[in-house]
Structure formats: structure tokens, C-alpha cells
>>> print(open('upload_11.tsv').read())   # TSV, N, CA and C atoms
chain	number	residue	atom	x	y	z
A	1	MET	N	133.27	80.87	114.25
A	1	MET	CA	132.19	81.29	113.39
A	1	MET	C	131.15	81.98	114.23
A	2	GLU	N	130.58	83.03	113.70
A	2	GLU	CA	129.55	83.78	114.40
A	2	GLU	C	128.35	83.90	113.48
A	3	LEU	N	127.18	83.71	114.04
A	3	LEU	CA	125.95	83.76	113.26
A	3	LEU	C	124.93	84.59	114.01
A	4	MET	N	124.39	85.60	113.37
A	4	MET	CA	123.36	86.44	113.98
A	4	MET	C	122.00	85.99	113.46
A	5	LEU	N	121.09	85.68	114.39
A	5	LEU	CA	119.75	85.24	114.01
A	5	LEU	C	118.70	86.09	114.70
A	6	THR	N	117.65	86.40	113.97
A	6	THR	CA	116.50	87.04	114.61
A	6	THR	C	115.74	85.94	115.36
A	7	ILE	N	114.80	86.32	116.18
A	7	ILE	CA	113.99	85.35	116.91
A	7	ILE	C	113.27	84.43	115.94
A	8	GLU	N	112.70	85.00	114.90
A	8	GLU	CA	111.97	84.20	113.91
A	8	GLU	C	112.90	83.20	113.21
A	9	GLU	N	114.10	83.63	112.85
A	9	GLU	CA	115.07	82.74	112.21
A	9	GLU	C	115.49	81.63	113.15
A	10	ARG	N	115.70	81.98	114.42
A	10	ARG	CA	116.09	80.99	115.42
A	10	ARG	C	115.02	79.93	115.58
A	11	GLU	N	113.77	80.36	115.68
A	11	GLU	CA	112.66	79.42	115.83
A	11	GLU	C	112.53	78.51	114.61
A	12	LEU	N	112.70	79.08	113.42
A	12	LEU	CA	112.63	78.28	112.19
A	12	LEU	C	113.77	77.25	112.17
A	13	LEU	N	114.95	77.67	112.51
A	13	LEU	CA	116.10	76.76	112.54
A	13	LEU	C	115.89	75.64	113.55
A	14	LEU	N	115.37	75.97	114.72
A	14	LEU	CA	115.07	74.95	115.73
A	14	LEU	C	114.03	73.97	115.22
A	15	GLU	N	113.02	74.45	114.54
A	15	GLU	CA	111.98	73.59	113.99
A	15	GLU	C	112.55	72.61	112.96
A	16	ILE	N	113.35	73.14	112.05
A	16	ILE	CA	113.96	72.31	111.00
A	16	ILE	C	114.90	71.27	111.62
A	17	LEU	N	115.73	71.69	112.56
A	17	LEU	CA	116.66	70.76	113.19
A	17	LEU	C	115.92	69.71	114.02
A	18	SER	N	114.85	70.09	114.67
A	18	SER	CA	114.06	69.13	115.45
A	18	SER	C	113.41	68.09	114.54
A	19	GLU	N	112.91	68.53	113.40
A	19	GLU	CA	112.33	67.59	112.43
A	19	GLU	C	113.38	66.62	111.92
A	20	ARG	N	114.57	67.13	111.63
A	20	ARG	CA	115.66	66.27	111.16
A	20	ARG	C	116.09	65.30	112.25
A	21	HIS	N	116.09	65.77	113.49
A	21	HIS	CA	116.45	64.91	114.61
A	21	HIS	C	115.47	63.74	114.72
A	22	SER	N	114.19	64.01	114.59
A	22	SER	CA	113.18	62.95	114.63
A	22	SER	C	113.38	61.96	113.50
A	23	ALA	N	113.66	62.47	112.31
A	23	ALA	CA	113.88	61.60	111.15
A	23	ALA	C	115.13	60.73	111.36
A	24	LEU	N	116.15	61.32	111.94
A	24	LEU	CA	117.38	60.58	112.20
A	24	LEU	C	117.15	59.46	113.22
A	25	LEU	N	116.36	59.73	114.24
A	25	LEU	CA	116.03	58.69	115.22
A	25	LEU	C	115.26	57.54	114.58
A	26	ARG	N	114.35	57.86	113.67
A	26	ARG	CA	113.63	56.80	112.94
A	26	ARG	C	114.59	55.99	112.09
A	27	GLU	N	115.51	56.68	111.42
A	27	GLU	CA	116.49	55.99	110.57
A	27	GLU	C	117.37	55.06	111.41
A	28	ILE	N	117.77	55.52	112.59
A	28	ILE	CA	118.58	54.68	113.48
A	28	ILE	C	117.81	53.43	113.87
A	29	SER	N	116.54	53.59	114.20
A	29	SER	CA	115.75	52.43	114.65
A	29	SER	C	115.51	51.42	113.54
A	30	HIS	N	115.57	51.85	112.28
A	30	HIS	CA	115.34	50.95	111.15
A	30	HIS	C	116.63	50.39	110.55
A	31	THR	N	117.76	50.78	111.10
A	31	THR	CA	119.05	50.35	110.55
A	31	THR	C	119.53	49.10	111.26
A	32	ASP	N	119.94	48.12	110.46
A	32	ASP	CA	120.43	46.86	111.02
A	32	ASP	C	121.96	46.78	111.04
A	33	HIS	N	122.60	47.46	110.12
A	33	HIS	CA	124.07	47.40	110.01
A	33	HIS	C	124.69	48.14	111.20
A	34	ARG	N	125.46	47.41	112.00
A	34	ARG	CA	125.99	47.94	113.25
A	34	ARG	C	126.85	49.19	113.07
A	35	GLU	N	127.79	49.16	112.14
A	35	GLU	CA	128.69	50.30	111.94
A	35	GLU	C	127.93	51.53	111.46
A	36	PHE	N	126.97	51.32	110.56
A	36	PHE	CA	126.18	52.44	110.06
A	36	PHE	C	125.33	53.02	111.19
A	37	LYS	N	124.78	52.16	112.03
A	37	LYS	CA	123.97	52.62	113.16
A	37	LYS	C	124.81	53.45	114.12
A	38	LEU	N	126.05	53.00	114.37
A	38	LEU	CA	126.94	53.76	115.25
A	38	LEU	C	127.26	55.14	114.66
A	39	ALA	N	127.48	55.19	113.36
A	39	ALA	CA	127.74	56.48	112.69
A	39	ALA	C	126.52	57.39	112.79
A	40	LEU	N	125.34	56.82	112.62
A	40	LEU	CA	124.11	57.62	112.74
A	40	LEU	C	123.91	58.13	114.16
A	41	ARG	N	124.22	57.30	115.14
A	41	ARG	CA	124.10	57.73	116.55
A	41	ARG	C	125.07	58.87	116.86
A	42	LYS	N	126.27	58.79	116.30
A	42	LYS	CA	127.25	59.86	116.49
A	42	LYS	C	126.71	61.17	115.89
A	43	ARG	N	126.14	61.06	114.71
A	43	ARG	CA	125.55	62.23	114.05
A	43	ARG	C	124.37	62.77	114.85
A	44	GLU	N	123.58	61.88	115.42
A	44	GLU	CA	122.41	62.28	116.21
A	44	GLU	C	122.85	63.05	117.45
A	45	LYS	N	123.90	62.59	118.10
A	45	LYS	CA	124.41	63.29	119.28
A	45	LYS	C	124.94	64.68	118.92
A	46	LEU	N	125.59	64.79	117.78
A	46	LEU	CA	126.08	66.09	117.32
A	46	LEU	C	124.91	67.03	117.04
A	47	LEU	N	123.89	66.53	116.36
A	47	LEU	CA	122.71	67.33	116.07
A	47	LEU	C	122.00	67.75	117.36
A	48	GLU	N	121.90	66.83	118.30
A	48	GLU	CA	121.29	67.13	119.59
A	48	GLU	C	122.06	68.24	120.31
A	49	SER	N	123.36	68.21	120.22
A	49	SER	CA	124.20	69.23	120.85
A	49	SER	C	123.93	70.61	120.24
A	50	VAL	N	123.80	70.66	118.92
A	50	VAL	CA	123.53	71.94	118.25
A	50	VAL	C	122.16	72.47	118.68
A	51	VAL	N	121.16	71.60	118.70
A	51	VAL	CA	119.81	72.01	119.10
A	51	VAL	C	119.82	72.51	120.54
A	52	ASP	N	120.51	71.80	121.41
A	52	ASP	CA	120.60	72.23	122.82
A	52	ASP	C	121.23	73.61	122.95
A	53	ARG	N	122.29	73.86	122.19
A	53	ARG	CA	122.94	75.18	122.26
A	53	ARG	C	122.03	76.28	121.74
A	54	LEU	N	121.25	75.97	120.71
A	54	LEU	CA	120.30	76.96	120.20
A	54	LEU	C	119.20	77.25	121.22
A	55	ARG	N	118.77	76.23	121.92
A	55	ARG	CA	117.68	76.39	122.89
A	55	ARG	C	118.11	77.21	124.10
A	56	VAL	N	119.37	77.17	124.48
A	56	VAL	CA	119.79	77.92	125.67
A	56	VAL	C	119.96	79.40	125.38
A	57	THR	N	120.04	79.78	124.12
A	57	THR	CA	120.09	81.20	123.81
A	57	THR	C	118.72	81.78	124.07
A	58	GLN	N	118.67	82.86	124.80
A	58	GLN	CA	117.41	83.47	125.19
A	58	GLN	C	116.83	84.30	124.05
A	59	PRO	N	115.56	84.06	123.71
A	59	PRO	CA	114.92	84.92	122.70
A	59	PRO	C	114.92	86.36	123.20
A	60	ALA	N	115.19	87.25	122.32
A	60	ALA	CA	115.22	88.67	122.66
A	60	ALA	C	114.71	89.46	121.47
A	61	ARG	N	114.54	90.74	121.68
A	61	ARG	CA	114.11	91.59	120.57
A	61	ARG	C	115.25	91.83	119.59
A	62	GLU	N	116.46	91.69	120.09
A	62	GLU	CA	117.65	91.84	119.26
A	62	GLU	C	117.97	90.52	118.58
A	63	PRO	N	118.74	90.53	117.48
A	63	PRO	CA	119.17	89.27	116.88
A	63	PRO	C	119.97	88.44	117.87
A	64	VAL	N	119.83	87.14	117.77
A	64	VAL	CA	120.56	86.21	118.62
A	64	VAL	C	121.95	86.02	118.04
A	65	ARG	N	122.95	86.06	118.88
A	65	ARG	CA	124.32	85.92	118.42
A	65	ARG	C	124.88	84.59	118.88
A	66	LEU	N	125.24	83.75	117.93
A	66	LEU	CA	125.81	82.44	118.22
A	66	LEU	C	127.28	82.46	117.82
A	67	ILE	N	128.13	82.06	118.75
A	67	ILE	CA	129.57	82.10	118.48
A	67	ILE	C	130.14	80.70	118.71
A	68	THR	N	130.98	80.25	117.79
A	68	THR	CA	131.67	78.99	117.95
A	68	THR	C	133.09	79.16	117.43
A	69	ASP	N	133.97	78.34	117.94
A	69	ASP	CA	135.35	78.40	117.47
A	69	ASP	C	135.62	77.36	116.40
A	70	ARG	N	134.60	76.57	116.07
A	70	ARG	CA	134.75	75.55	115.04
A	70	ARG	C	134.28	76.08	113.70
A	71	MET	N	134.97	75.67	112.66
A	71	MET	CA	134.56	75.99	111.30
A	71	MET	C	133.71	74.84	110.80
A	72	LEU	N	132.61	75.12	110.14
A	72	LEU	CA	131.76	74.05	109.60
A	72	LEU	C	132.14	73.74	108.19
>>> encode(input="upload_11.tsv", output="C-alpha cells")
Amino acid sequence: MELMLTIEERELLLEILSERHSALLREISHTDHREFKLALRKREKLLESVVDRLRVTQPAREPVRLITDRML
């Protein structure tokens, strides 16, 4: 999958994902059920990976091109 983002779109996406990441961490800390907590942690690591990949793309005047071999 390939996604072209402008700098503004990239920044917005990073903001939204960062907010969701914070909410997910709060949800993990309030969860008592062990299996559900493990599933949430797995999801948190996946989200963290996506945010990290977005952050390493350098802002430029041109649209940012993100390429992955996975289908979502």
C-alpha cells in the first residue's frame, strides 16, 4: 500500500495517532482483565510502530510517500 501525504496531512495524522496512543495507554492502566490487557498492549505496540514510521519520514515541500507491503 502506498499513501501520499502533504506535510499538513502528516502532522494531522501524527497528532490524531498520538492522542489515540495516550488514550490507549490510559485504557491499559485501567484494565484489570489480563487477556484484554495483553491484547491492548499488542495494539499499543502496533500503533507505536506506525507513529514511529511516520515520524522518521522527513517533512518536505513535496507530499510524503509512505510505502508498505501490508494490506490494511
>>> closest_residue(input="upload_11.tsv", among="A:Thr6, A:Leu12, A:His21, A:Thr31", to="A:Leu47", atoms="only N, CA and C atoms")
A:His21
>>> atom_distance(input="upload_11.tsv", atom1="atom C of A:Lys37", atom2="atom CA of A:Leu54")
24.7 Å
>>> select_by_dssp(input="upload_11.tsv", residues="stretch 2-70 of chain A", states="strand (DSSP E or B)", output="PDB file with N, CA and C atoms, in the frame of the given file")
ATOM      1  N   GLU A   2     130.580  83.030 113.700  1.00  0.00           N
ATOM      2  CA  GLU A   2     129.550  83.780 114.400  1.00  0.00           C
ATOM      3  C   GLU A   2     128.350  83.900 113.480  1.00  0.00           C
ATOM      4  N   LEU A   3     127.180  83.710 114.040  1.00  0.00           N
ATOM      5  CA  LEU A   3     125.950  83.760 113.260  1.00  0.00           C
ATOM      6  C   LEU A   3     124.930  84.590 114.010  1.00  0.00           C
ATOM      7  N   MET A   4     124.390  85.600 113.370  1.00  0.00           N
ATOM      8  CA  MET A   4     123.360  86.440 113.980  1.00  0.00           C
ATOM      9  C   MET A   4     122.000  85.990 113.460  1.00  0.00           C
ATOM     10  N   LEU A   5     121.090  85.680 114.390  1.00  0.00           N
ATOM     11  CA  LEU A   5     119.750  85.240 114.010  1.00  0.00           C
ATOM     12  C   LEU A   5     118.700  86.090 114.700  1.00  0.00           C
ATOM     13  N   VAL A  64     119.830  87.140 117.770  1.00  0.00           N
ATOM     14  CA  VAL A  64     120.560  86.210 118.620  1.00  0.00           C
ATOM     15  C   VAL A  64     121.950  86.020 118.040  1.00  0.00           C
ATOM     16  N   ARG A  65     122.950  86.060 118.880  1.00  0.00           N
ATOM     17  CA  ARG A  65     124.320  85.920 118.420  1.00  0.00           C
ATOM     18  C   ARG A  65     124.880  84.590 118.880  1.00  0.00           C
ATOM     19  N   LEU A  66     125.240  83.750 117.930  1.00  0.00           N
ATOM     20  CA  LEU A  66     125.810  82.440 118.220  1.00  0.00           C
ATOM     21  C   LEU A  66     127.280  82.460 117.820  1.00  0.00           C
ATOM     22  N   ILE A  67     128.130  82.060 118.750  1.00  0.00           N
ATOM     23  CA  ILE A  67     129.570  82.100 118.480  1.00  0.00           C
ATOM     24  C   ILE A  67     130.140  80.700 118.710  1.00  0.00           C
TER      25      ILE A  67
END
>>> atom_distance(input="upload_11.tsv", atom1="atom C of A:Leu25", atom2="atom CA of A:Glu44")
8.7 Å
>>> atom_distance(input="upload_11.tsv", atom1="atom CA of A:Arg53", atom2="atom CA of A:Leu17")
11.9 Å
